[in-house]
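Raw run.cif, mmCIF, N, CA and C atoms:
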```
data_final
loop_
_atom_site.label_atom_id
_atom_site.label_comp_id
_atom_site.auth_asym_id
_atom_site.auth_seq_id
_atom_site.Cartn_x
_atom_site.Cartn_y
_atom_site.Cartn_z
N MET G 1 -5.40 1.54 -1.32
CA MET G 1 -5.15 2.78 -0.62
C MET G 1 -3.81 2.67 0.10
N GLU G 2 -3.17 3.80 0.26
CA GLU G 2 -1.84 3.84 0.86
C GLU G 2 -1.79 4.98 1.88
N ILE G 3 -1.13 4.72 2.99
CA ILE G 3 -0.87 5.77 3.98
C ILE G 3 0.63 5.91 4.10
N GLN G 4 1.12 7.12 3.88
CA GLN G 4 2.54 7.38 3.98
C GLN G 4 2.94 7.48 5.44
N VAL G 5 4.07 6.83 5.79
CA VAL G 5 4.60 6.83 7.15
C VAL G 5 6.05 7.29 7.08
N LYS G 6 6.40 8.22 7.96
CA LYS G 6 7.76 8.77 7.99
C LYS G 6 8.40 8.44 9.33
N LYS G 7 9.60 7.85 9.28
CA LYS G 7 10.38 7.65 10.50
C LYS G 7 11.03 8.98 10.88
N LEU G 8 10.89 9.37 12.15
CA LEU G 8 11.46 10.63 12.62
C LEU G 8 12.81 10.43 13.29
N SER G 9 13.20 9.17 13.50
CA SER G 9 14.51 8.86 14.07
C SER G 9 14.88 7.43 13.68
N LEU G 10 16.11 7.08 13.97
CA LEU G 10 16.56 5.71 13.72
C LEU G 10 15.94 4.72 14.71
N LYS G 11 15.38 5.23 15.81
CA LYS G 11 14.76 4.36 16.83
C LYS G 11 13.32 3.99 16.48
N ALA G 12 12.78 4.57 15.43
CA ALA G 12 11.39 4.32 15.04
C ALA G 12 11.24 2.95 14.39
N THR G 13 10.09 2.33 14.63
CA THR G 13 9.71 1.09 13.97
C THR G 13 8.42 1.35 13.20
N LEU G 14 8.40 1.00 11.94
CA LEU G 14 7.18 1.19 11.16
C LEU G 14 6.07 0.31 11.72
N PRO G 15 4.81 0.77 11.68
CA PRO G 15 3.68 -0.04 12.14
C PRO G 15 3.60 -1.35 11.34
N THR G 16 3.17 -2.40 12.02
CA THR G 16 3.06 -3.72 11.39
C THR G 16 1.72 -4.36 11.76
N LYS G 17 1.38 -5.39 10.99
CA LYS G 17 0.23 -6.25 11.29
C LYS G 17 0.76 -7.66 11.45
N ALA G 18 0.27 -8.37 12.45
CA ALA G 18 0.65 -9.78 12.62
C ALA G 18 -0.01 -10.64 11.54
N ASN G 19 -1.24 -10.28 11.15
CA ASN G 19 -1.99 -11.03 10.14
C ASN G 19 -2.60 -10.03 9.15
N SER G 20 -2.67 -10.40 7.92
CA SER G 20 -3.21 -9.47 6.91
C SER G 20 -4.66 -9.10 7.18
N SER G 21 -5.40 -9.96 7.89
CA SER G 21 -6.81 -9.67 8.18
C SER G 21 -7.01 -8.85 9.45
N ASP G 22 -5.94 -8.53 10.18
CA ASP G 22 -6.07 -7.73 11.41
C ASP G 22 -6.61 -6.34 11.09
N ALA G 23 -7.42 -5.80 11.97
CA ALA G 23 -7.98 -4.46 11.78
C ALA G 23 -6.96 -3.37 12.07
N GLY G 24 -6.11 -3.60 13.08
CA GLY G 24 -5.19 -2.56 13.52
C GLY G 24 -3.75 -2.84 13.14
N TRP G 25 -3.00 -1.74 13.06
CA TRP G 25 -1.55 -1.77 12.82
C TRP G 25 -0.88 -1.51 14.16
N ASP G 26 0.06 -2.38 14.55
CA ASP G 26 0.76 -2.22 15.83
C ASP G 26 1.69 -1.01 15.79
N LEU G 27 1.67 -0.26 16.90
CA LEU G 27 2.58 0.88 17.10
C LEU G 27 3.63 0.48 18.12
N TYR G 28 4.83 1.01 17.98
CA TYR G 28 5.99 0.61 18.78
C TYR G 28 6.57 1.79 19.56
N ALA G 29 7.01 1.52 20.78
CA ALA G 29 7.71 2.53 21.59
C ALA G 29 9.08 2.78 20.97
N SER G 30 9.48 4.05 20.91
CA SER G 30 10.79 4.38 20.35
C SER G 30 11.84 4.61 21.43
N ALA G 31 11.43 4.48 22.69
CA ALA G 31 12.37 4.62 23.82
C ALA G 31 11.81 3.86 25.01
N ASP G 32 12.67 3.51 25.95
CA ASP G 32 12.22 2.89 27.19
C ASP G 32 11.40 3.90 27.99
N VAL G 33 10.31 3.44 28.59
CA VAL G 33 9.45 4.30 29.42
C VAL G 33 8.98 3.51 30.62
N MET G 34 9.10 4.11 31.81
CA MET G 34 8.55 3.51 33.03
C MET G 34 7.26 4.24 33.36
N ILE G 35 6.18 3.47 33.56
CA ILE G 35 4.89 4.07 33.92
C ILE G 35 4.55 3.64 35.34
N ASP G 36 4.43 4.62 36.23
CA ASP G 36 4.10 4.36 37.62
C ASP G 36 2.67 3.83 37.74
N PRO G 37 2.37 3.10 38.81
CA PRO G 37 1.00 2.64 39.04
C PRO G 37 0.02 3.81 39.09
N MET G 38 -1.12 3.63 38.46
CA MET G 38 -2.21 4.62 38.45
C MET G 38 -1.79 5.96 37.84
N LYS G 39 -0.81 5.95 36.95
CA LYS G 39 -0.34 7.16 36.28
C LYS G 39 -0.40 6.97 34.77
N THR G 40 -0.32 8.08 34.04
CA THR G 40 -0.27 8.04 32.59
C THR G 40 1.10 8.49 32.11
N ALA G 41 1.44 8.07 30.91
CA ALA G 41 2.67 8.51 30.26
C ALA G 41 2.40 8.66 28.77
N LEU G 42 3.03 9.65 28.18
CA LEU G 42 2.95 9.86 26.75
C LEU G 42 4.15 9.17 26.12
N VAL G 43 3.89 8.13 25.35
CA VAL G 43 4.95 7.27 24.81
C VAL G 43 5.20 7.63 23.35
N SER G 44 6.45 7.92 23.03
CA SER G 44 6.84 8.30 21.67
C SER G 44 6.92 7.08 20.77
N THR G 45 6.58 7.28 19.50
CA THR G 45 6.75 6.26 18.47
C THR G 45 7.79 6.68 17.45
N ASP G 46 8.09 7.97 17.38
CA ASP G 46 9.02 8.54 16.40
C ASP G 46 8.59 8.26 14.96
N ILE G 47 7.27 8.22 14.74
CA ILE G 47 6.75 8.14 13.38
C ILE G 47 5.70 9.23 13.19
N ALA G 48 5.52 9.64 11.95
CA ALA G 48 4.45 10.55 11.54
C ALA G 48 3.76 9.91 10.35
N MET G 49 2.50 10.30 10.13
CA MET G 49 1.71 9.71 9.05
C MET G 49 0.98 10.79 8.28
N ALA G 50 0.74 10.49 7.01
CA ALA G 50 -0.11 11.34 6.17
C ALA G 50 -1.42 10.57 5.95
N ILE G 51 -2.32 10.72 6.92
CA ILE G 51 -3.61 10.03 6.82
C ILE G 51 -4.46 10.78 5.80
N PRO G 52 -5.05 10.08 4.84
CA PRO G 52 -5.81 10.75 3.78
C PRO G 52 -7.01 11.53 4.31
N THR G 53 -7.38 12.55 3.57
CA THR G 53 -8.59 13.32 3.86
C THR G 53 -9.78 12.35 3.90
N GLU G 54 -10.71 12.62 4.78
CA GLU G 54 -11.90 11.79 5.02
C GLU G 54 -11.59 10.50 5.78
N TYR G 55 -10.40 10.43 6.40
CA TYR G 55 -10.04 9.30 7.25
C TYR G 55 -9.48 9.84 8.56
N MET G 56 -9.45 8.99 9.57
CA MET G 56 -8.79 9.31 10.83
C MET G 56 -8.16 8.03 11.35
N GLY G 57 -7.17 8.20 12.22
CA GLY G 57 -6.56 7.06 12.89
C GLY G 57 -7.03 7.03 14.33
N ALA G 58 -7.50 5.89 14.78
CA ALA G 58 -7.95 5.73 16.17
C ALA G 58 -6.95 4.83 16.89
N ILE G 59 -6.38 5.33 17.98
CA ILE G 59 -5.44 4.55 18.78
C ILE G 59 -6.24 3.70 19.75
N TRP G 60 -5.96 2.38 19.75
CA TRP G 60 -6.67 1.43 20.60
C TRP G 60 -5.68 0.60 21.39
N ASP G 61 -6.18 0.03 22.49
CA ASP G 61 -5.38 -0.92 23.29
C ASP G 61 -4.96 -2.10 22.44
N ARG G 62 -3.84 -2.68 22.79
CA ARG G 62 -3.51 -4.03 22.36
C ARG G 62 -4.07 -4.93 23.46
N SER G 63 -4.79 -5.95 23.11
CA SER G 63 -5.45 -6.80 24.10
C SER G 63 -4.47 -7.33 25.14
N SER G 64 -3.31 -7.79 24.69
CA SER G 64 -2.35 -8.38 25.62
C SER G 64 -1.82 -7.36 26.62
N MET G 65 -1.64 -6.11 26.19
CA MET G 65 -1.16 -5.07 27.11
C MET G 65 -2.22 -4.79 28.18
N ALA G 66 -3.47 -4.78 27.78
CA ALA G 66 -4.55 -4.51 28.74
C ALA G 66 -4.70 -5.66 29.73
N ILE G 67 -4.68 -6.88 29.25
CA ILE G 67 -4.91 -8.04 30.11
C ILE G 67 -3.70 -8.39 30.97
N LYS G 68 -2.54 -8.47 30.36
CA LYS G 68 -1.35 -8.95 31.06
C LYS G 68 -0.59 -7.87 31.83
N ARG G 69 -0.72 -6.59 31.39
CA ARG G 69 0.11 -5.54 32.00
C ARG G 69 -0.69 -4.36 32.54
N ASP G 70 -2.01 -4.44 32.48
CA ASP G 70 -2.88 -3.38 33.00
C ASP G 70 -2.65 -2.03 32.33
N LEU G 71 -2.25 -2.02 31.06
CA LEU G 71 -2.04 -0.78 30.33
C LEU G 71 -3.19 -0.52 29.37
N HIS G 72 -3.71 0.70 29.44
CA HIS G 72 -4.84 1.11 28.60
C HIS G 72 -4.51 2.46 27.98
N ARG G 73 -4.98 2.66 26.77
CA ARG G 73 -4.72 3.94 26.11
C ARG G 73 -5.78 4.96 26.53
N PHE G 74 -5.33 6.19 26.63
CA PHE G 74 -6.22 7.34 26.82
C PHE G 74 -6.12 8.16 25.55
N ALA G 75 -7.16 8.88 25.22
CA ALA G 75 -7.17 9.72 24.03
C ALA G 75 -6.90 8.85 22.81
N GLY G 76 -6.67 9.45 21.67
CA GLY G 76 -6.29 8.63 20.54
C GLY G 76 -6.96 8.91 19.22
N VAL G 77 -7.31 10.14 18.91
CA VAL G 77 -7.82 10.47 17.59
C VAL G 77 -6.71 11.20 16.83
N ILE G 78 -6.30 10.63 15.70
CA ILE G 78 -5.30 11.26 14.85
C ILE G 78 -6.03 11.76 13.61
N ASP G 79 -6.14 13.08 13.49
CA ASP G 79 -6.85 13.70 12.37
C ASP G 79 -6.03 13.64 11.09
N SER G 80 -6.72 13.70 9.95
CA SER G 80 -6.05 13.58 8.65
C SER G 80 -5.10 14.74 8.38
N GLY G 81 -5.33 15.89 8.95
CA GLY G 81 -4.47 17.04 8.71
C GLY G 81 -3.22 17.08 9.57
N TYR G 82 -3.11 16.20 10.56
CA TYR G 82 -1.97 16.19 11.49
C TYR G 82 -0.77 15.51 10.85
N ARG G 83 0.39 16.14 10.94
CA ARG G 83 1.61 15.58 10.37
C ARG G 83 2.74 15.44 11.39
N GLY G 84 2.43 15.62 12.67
CA GLY G 84 3.44 15.50 13.71
C GLY G 84 3.61 14.07 14.18
N GLU G 85 4.45 13.90 15.19
CA GLU G 85 4.73 12.57 15.73
C GLU G 85 3.48 11.96 16.35
N ILE G 86 3.26 10.68 16.05
CA ILE G 86 2.19 9.92 16.69
C ILE G 86 2.70 9.51 18.07
N LYS G 87 2.01 9.95 19.11
CA LYS G 87 2.35 9.56 20.48
C LYS G 87 1.15 8.83 21.06
N VAL G 88 1.43 7.95 22.02
CA VAL G 88 0.38 7.13 22.62
C VAL G 88 0.33 7.44 24.11
N CYS G 89 -0.84 7.87 24.58
CA CYS G 89 -1.04 8.13 26.01
C CYS G 89 -1.50 6.83 26.65
N LEU G 90 -0.66 6.27 27.52
CA LEU G 90 -0.98 5.01 28.19
C LEU G 90 -1.18 5.23 29.68
N TRP G 91 -2.18 4.55 30.24
CA TRP G 91 -2.48 4.60 31.67
C TRP G 91 -2.20 3.24 32.28
N ASN G 92 -1.42 3.24 33.35
CA ASN G 92 -1.14 2.01 34.11
C ASN G 92 -2.22 1.89 35.17
N SER G 93 -3.18 1.00 34.94
CA SER G 93 -4.29 0.82 35.88
C SER G 93 -3.95 -0.17 37.00
N GLY G 94 -2.75 -0.72 36.96
CA GLY G 94 -2.35 -1.71 37.96
C GLY G 94 -1.65 -1.10 39.15
N ASP G 95 -1.17 -1.98 40.06
CA ASP G 95 -0.49 -1.52 41.27
C ASP G 95 1.02 -1.76 41.21
N LYS G 96 1.54 -2.10 40.01
CA LYS G 96 2.98 -2.32 39.83
C LYS G 96 3.52 -1.38 38.77
N TYR G 97 4.80 -1.04 38.88
CA TYR G 97 5.45 -0.25 37.85
C TYR G 97 5.49 -1.06 36.56
N CYS G 98 5.40 -0.39 35.44
CA CYS G 98 5.41 -1.07 34.15
C CYS G 98 6.51 -0.46 33.28
N LEU G 99 7.48 -1.27 32.91
CA LEU G 99 8.56 -0.82 32.04
C LEU G 99 8.27 -1.25 30.61
N LEU G 100 8.19 -0.25 29.73
CA LEU G 100 8.07 -0.51 28.30
C LEU G 100 9.45 -0.36 27.70
N LYS G 101 9.82 -1.28 26.87
CA LYS G 101 11.14 -1.26 26.24
C LYS G 101 11.04 -0.70 24.81
N GLN G 102 12.11 -0.02 24.40
CA GLN G 102 12.18 0.46 23.02
C GLN G 102 11.94 -0.70 22.06
N GLY G 103 11.10 -0.48 21.05
CA GLY G 103 10.79 -1.52 20.08
C GLY G 103 9.64 -2.42 20.47
N GLU G 104 9.05 -2.20 21.65
CA GLU G 104 7.92 -3.01 22.11
C GLU G 104 6.62 -2.48 21.51
N ARG G 105 5.72 -3.40 21.15
CA ARG G 105 4.40 -3.00 20.65
C ARG G 105 3.58 -2.44 21.82
N ILE G 106 3.02 -1.26 21.65
CA ILE G 106 2.36 -0.59 22.78
C ILE G 106 0.87 -0.33 22.56
N ALA G 107 0.44 -0.26 21.32
CA ALA G 107 -0.96 0.04 21.00
C ALA G 107 -1.17 -0.31 19.54
N GLN G 108 -2.36 -0.04 19.05
CA GLN G 108 -2.62 -0.24 17.62
C GLN G 108 -3.39 0.95 17.09
N ILE G 109 -3.22 1.21 15.81
CA ILE G 109 -3.96 2.28 15.15
C ILE G 109 -4.88 1.64 14.11
N ILE G 110 -6.14 2.07 14.15
CA ILE G 110 -7.15 1.58 13.22
C ILE G 110 -7.65 2.78 12.42
N PHE G 111 -7.70 2.64 11.13
CA PHE G 111 -8.10 3.74 10.26
C PHE G 111 -9.59 3.64 9.94
N HIS G 112 -10.28 4.77 10.06
CA HIS G 112 -11.72 4.83 9.84
C HIS G 112 -12.04 5.89 8.79
N HIS G 113 -12.98 5.55 7.92
CA HIS G 113 -13.47 6.53 6.95
C HIS G 113 -14.44 7.48 7.66
N ILE G 114 -14.24 8.75 7.48
CA ILE G 114 -15.10 9.78 8.09
C ILE G 114 -15.72 10.59 6.95
N PRO G 115 -16.93 10.25 6.54
CA PRO G 115 -17.54 11.00 5.43
C PRO G 115 -17.82 12.44 5.83
N PRO G 116 -17.71 13.35 4.87
CA PRO G 116 -17.96 14.76 5.20
C PRO G 116 -19.46 15.00 5.43
N PHE G 117 -19.77 15.81 6.40
CA PHE G 117 -21.14 16.21 6.65
C PHE G 117 -21.11 17.52 7.42
N THR G 118 -22.26 18.13 7.58
CA THR G 118 -22.37 19.37 8.36
C THR G 118 -23.31 19.13 9.52
N LEU G 119 -23.22 19.96 10.52
CA LEU G 119 -24.16 19.93 11.64
C LEU G 119 -25.17 21.05 11.44
N LYS G 120 -26.42 20.77 11.74
CA LYS G 120 -27.48 21.75 11.56
C LYS G 120 -28.27 21.84 12.86
N GLU G 121 -28.37 23.02 13.38
CA GLU G 121 -29.17 23.22 14.59
C GLU G 121 -30.65 23.14 14.23
N VAL G 122 -31.41 22.38 15.05
CA VAL G 122 -32.85 22.24 14.84
C VAL G 122 -33.56 22.45 16.18
N VAL G 123 -34.86 22.62 16.12
CA VAL G 123 -35.66 22.82 17.33
C VAL G 123 -36.05 21.48 17.93
N SER G 124 -36.26 20.46 17.10
CA SER G 124 -36.63 19.13 17.60
C SER G 124 -35.97 18.07 16.73
N LEU G 125 -35.92 16.86 17.29
CA LEU G 125 -35.35 15.72 16.58
C LEU G 125 -36.44 14.70 16.30
N ASN G 126 -36.22 13.85 15.30
CA ASN G 126 -37.21 12.81 15.01
C ASN G 126 -37.26 11.81 16.16
N GLU G 127 -38.39 11.15 16.32
CA GLU G 127 -38.59 10.17 17.38
C GLU G 127 -37.99 8.82 16.99
N THR G 128 -37.48 8.10 17.98
CA THR G 128 -36.99 6.73 17.77
C THR G 128 -37.55 5.85 18.88
N GLU G 129 -37.40 4.54 18.71
CA GLU G 129 -37.87 3.61 19.74
C GLU G 129 -37.13 3.85 21.06
N ARG G 130 -35.86 4.10 21.02
CA ARG G 130 -35.07 4.32 22.24
C ARG G 130 -35.34 5.68 22.85
N GLY G 131 -35.52 6.68 22.03
CA GLY G 131 -35.78 8.02 22.54
C GLY G 131 -34.59 8.57 23.31
N GLU G 132 -34.85 9.07 24.51
CA GLU G 132 -33.80 9.68 25.32
C GLU G 132 -33.21 8.72 26.33
N GLY G 133 -33.48 7.42 26.20
CA GLY G 133 -32.92 6.43 27.12
C GLY G 133 -31.41 6.42 27.07
N GLY G 134 -30.77 6.68 28.19
CA GLY G 134 -29.31 6.78 28.24
C GLY G 134 -28.67 5.56 28.85
N PHE G 135 -27.63 5.80 29.64
CA PHE G 135 -26.85 4.73 30.27
C PHE G 135 -27.76 3.76 31.02
N GLY G 136 -27.65 2.48 30.69
CA GLY G 136 -28.42 1.46 31.39
C GLY G 136 -29.85 1.32 30.93
N SER G 137 -30.27 2.10 29.94
CA SER G 137 -31.67 2.06 29.52
C SER G 137 -32.06 0.76 28.85
N SER G 138 -31.09 0.01 28.33
CA SER G 138 -31.43 -1.25 27.66
C SER G 138 -31.17 -2.47 28.55
N GLY G 139 -30.93 -2.23 29.83
CA GLY G 139 -30.70 -3.33 30.77
C GLY G 139 -29.22 -3.57 30.98
N LEU G 140 -28.91 -4.58 31.80
CA LEU G 140 -27.51 -4.89 32.11
C LEU G 140 -26.88 -5.76 31.09
#
```
Any chance you could give the structure as structure tokens?
Amino acid sequence: MEIQVKKLSLKATLPTKANSSDAGWDLYASADVMIDPMKTALVSTDIAMAIPTEYMGAIWDRSSMAIKRDLHRFAGVIDSGYRGEIKVCLWNSGDKYCLLKQGERIAQIIFHHIPPFTLKEVVSLNETERGEGGFGSSGL
């Protein structure tokens, strides 16, 4: 399978994998961005993708950014029909300013198969062992 990627500027870096067995493809900042403490910023990548029908791209944290720099992604579903620039919404959860440099790896995109289905309204649902047990229902 192949996903087409288009550079939207000369500052764009194509997504890469450090290891062939990695689940995610690293995304890169296309410009320097300063993120204030406890604030979010929309970081440009200057790339667009043609994600195939029945697939989606999920933007996820890079572990090192979360642990070492207190940066976490917000949002992050890229639908197969979208052809615009992939941008990454990052939140600085720390108490220090965070400078991202152009060309720095900022997040990763993981592609998921989304089989087609429909939703059907019903009056009741089948019973399961868990039932309606929500947050914390299975213990700590």
Nearby residues (only N, CA and C atoms) at most 7 Å from G:Asp32, same-chain spacing under 6 positions excluded, as a ChimeraX atom specification: /G:99-103
Store the residues picked out above in a file with N, CA and C atoms, as a PDB file, keeping the file's coordinate frame.
```pdb
ATOM      1  N   LEU G  99       7.480  -1.270  32.910  1.00  0.00           N
ATOM      2  CA  LEU G  99       8.560  -0.820  32.040  1.00  0.00           C
ATOM      3  C   LEU G  99       8.270  -1.250  30.610  1.00  0.00           C
ATOM      4  N   LEU G 100       8.190  -0.250  29.730  1.00  0.00           N
ATOM      5  CA  LEU G 100       8.070  -0.510  28.300  1.00  0.00           C
ATOM      6  C   LEU G 100       9.450  -0.360  27.700  1.00  0.00           C
ATOM      7  N   LYS G 101       9.820  -1.280  26.870  1.00  0.00           N
ATOM      8  CA  LYS G 101      11.140  -1.260  26.240  1.00  0.00           C
ATOM      9  C   LYS G 101      11.040  -0.700  24.810  1.00  0.00           C
ATOM     10  N   GLN G 102      12.110  -0.020  24.400  1.00  0.00           N
ATOM     11  CA  GLN G 102      12.180   0.460  23.020  1.00  0.00           C
ATOM     12  C   GLN G 102      11.940  -0.700  22.060  1.00  0.00           C
ATOM     13  N   GLY G 103      11.100  -0.480  21.050  1.00  0.00           N
ATOM     14  CA  GLY G 103      10.790  -1.520  20.080  1.00  0.00           C
ATOM     15  C   GLY G 103       9.640  -2.420  20.470  1.00  0.00           C
TER      16      GLY G 103
END
```
Counting all atoms listed in the file, which residue out of G:Phe74, G:Ala48, G:Phe135, G:Ser21 sits closest to G:Ser9?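 Smallest separation from G:Ser9 among the options: G:Ala48.
Evaluating the PyMOL selection byres (((chain G and resi 7 and name CA) around 10) and name CA) against the shown model yields Val5, Lys6, Leu8, Ser9, Leu10, Lys11, Ala12, Thr13, Leu14, Thr45, Asp46, Ile47, Ala48, Met49 and Glu85 of chain G.
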Name the residues that the PyMOL selection byres ((chain G and resi 82) around 6.5) pulls out of this structure, and write them as number ranges by chain. G: 49-51, 78-81, 83-84
If you keep N, CA and C atoms, can you produce a file of those selected residues as a tab-separated table (two decimals), keeping the file's coordinate frame?
```tsv
chain	number	residue	atom	x	y	z
G	49	MET	N	2.50	10.30	10.13
G	49	MET	CA	1.71	9.71	9.05
G	49	MET	C	0.98	10.79	8.28
G	50	ALA	N	0.74	10.49	7.01
G	50	ALA	CA	-0.11	11.34	6.17
G	50	ALA	C	-1.42	10.57	5.95
G	51	ILE	N	-2.32	10.72	6.92
G	51	ILE	CA	-3.61	10.03	6.82
G	51	ILE	C	-4.46	10.78	5.80
G	78	ILE	N	-6.30	10.63	15.70
G	78	ILE	CA	-5.30	11.26	14.85
G	78	ILE	C	-6.03	11.76	13.61
G	79	ASP	N	-6.14	13.08	13.49
G	79	ASP	CA	-6.85	13.70	12.37
G	79	ASP	C	-6.03	13.64	11.09
G	80	SER	N	-6.72	13.70	9.95
G	80	SER	CA	-6.05	13.58	8.65
G	80	SER	C	-5.10	14.74	8.38
G	81	GLY	N	-5.33	15.89	8.95
G	81	GLY	CA	-4.47	17.04	8.71
G	81	GLY	C	-3.22	17.08	9.57
G	83	ARG	N	0.39	16.14	10.94
G	83	ARG	CA	1.61	15.58	10.37
G	83	ARG	C	2.74	15.44	11.39
G	84	GLY	N	2.43	15.62	12.67
G	84	GLY	CA	3.44	15.50	13.71
G	84	GLY	C	3.61	14.07	14.18
```
DSSP-assigned alpha helix (DSSP H) among stretch 2-132 of chain G, expressed as a VMD selection string: chain G and resid 63 to 69
Quick one: 5 Å padding each side, axis-aligned, all listed atoms of stretch 2-13 of chain G - centre and edge lengths in Å to one decimal, as AutoDock Vina command-line options?
```
--center_x 6.7 --center_y 5.9 --center_z 8.5 --size_x 29.7 --size_y 19.5 --size_z 26.6
```
Enumerate as a PyMOL selection string all residues of chain G assigned to strand (DSSP E or B) by DSSP on the backbone, naming them with the chain letters and numbers the document uses. chain G and resi 4-7+16+25-28+33-35+40-50+55-60+71-74+77-79+85-92+98-100+105-113
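For the residues G:Val88, G:Lys17, G:Val123, G:Val43, ranking by smallest atom-to-atom distance to G:Ile59 using all atoms listed in the file places G:Val88 first.
With all atoms listed in the file as the atoms that count, the residue of G:Tyr55, G:Trp91, G:Trp25, G:Tyr97 with the shortest distance to G:Ile109 is G:Trp25.
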Provide the atom C of G:Lys96 to atom N of G:Tyr28 distance in Å, to one decimal place. 21.0 Å
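The residue that comes closest to G:Ser44, out of G:His112, G:Lys87, G:Arg105, G:Lys120 and on the basis of only N, CA and C atoms, is G:Lys87.
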In Å, how far is it from atom C of G:Ala58 to atom C of G:Gly136?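 Taking atom C of G:Ala58 and atom C of G:Gly136, their separation equals 27.1 Å.
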Selection under test: the PyMOL selection byres ((chain G and resi 92) around 8); residues as a compact mmCIF listing (two decimals) with N, CA and C atoms, in the frame of the given file:
```
# COMPACT_ATOMS: atom_id res chain seq x y z
N ILE G 35 6.18 3.47 33.56
CA ILE G 35 4.89 4.07 33.92
C ILE G 35 4.55 3.64 35.34
N ASP G 36 4.43 4.62 36.23
CA ASP G 36 4.10 4.36 37.62
C ASP G 36 2.67 3.83 37.74
N PRO G 37 2.37 3.10 38.81
CA PRO G 37 1.00 2.64 39.04
C PRO G 37 0.02 3.81 39.09
N MET G 38 -1.12 3.63 38.46
CA MET G 38 -2.21 4.62 38.45
C MET G 38 -1.79 5.96 37.84
N LYS G 39 -0.81 5.95 36.95
CA LYS G 39 -0.34 7.16 36.28
C LYS G 39 -0.40 6.97 34.77
N THR G 40 -0.32 8.08 34.04
CA THR G 40 -0.27 8.04 32.59
C THR G 40 1.10 8.49 32.11
N ALA G 41 1.44 8.07 30.91
CA ALA G 41 2.67 8.51 30.26
C ALA G 41 2.40 8.66 28.77
N ARG G 69 -0.72 -6.59 31.39
CA ARG G 69 0.11 -5.54 32.00
C ARG G 69 -0.69 -4.36 32.54
N ASP G 70 -2.01 -4.44 32.48
CA ASP G 70 -2.88 -3.38 33.00
C ASP G 70 -2.65 -2.03 32.33
N LEU G 71 -2.25 -2.02 31.06
CA LEU G 71 -2.04 -0.78 30.33
C LEU G 71 -3.19 -0.52 29.37
N HIS G 72 -3.71 0.70 29.44
CA HIS G 72 -4.84 1.11 28.60
C HIS G 72 -4.51 2.46 27.98
N ARG G 73 -4.98 2.66 26.77
CA ARG G 73 -4.72 3.94 26.11
C ARG G 73 -5.78 4.96 26.53
N CYS G 89 -0.84 7.87 24.58
CA CYS G 89 -1.04 8.13 26.01
C CYS G 89 -1.50 6.83 26.65
N LEU G 90 -0.66 6.27 27.52
CA LEU G 90 -0.98 5.01 28.19
C LEU G 90 -1.18 5.23 29.68
N TRP G 91 -2.18 4.55 30.24
CA TRP G 91 -2.48 4.60 31.67
C TRP G 91 -2.20 3.24 32.28
N SER G 93 -3.18 1.00 34.94
CA SER G 93 -4.29 0.82 35.88
C SER G 93 -3.95 -0.17 37.00
N GLY G 94 -2.75 -0.72 36.96
CA GLY G 94 -2.35 -1.71 37.96
C GLY G 94 -1.65 -1.10 39.15
N ASP G 95 -1.17 -1.98 40.06
CA ASP G 95 -0.49 -1.52 41.27
C ASP G 95 1.02 -1.76 41.21
N LYS G 96 1.54 -2.10 40.01
CA LYS G 96 2.98 -2.32 39.83
C LYS G 96 3.52 -1.38 38.77
N TYR G 97 4.80 -1.04 38.88
CA TYR G 97 5.45 -0.25 37.85
C TYR G 97 5.49 -1.06 36.56
N CYS G 98 5.40 -0.39 35.44
CA CYS G 98 5.41 -1.07 34.15
C CYS G 98 6.51 -0.46 33.28
```
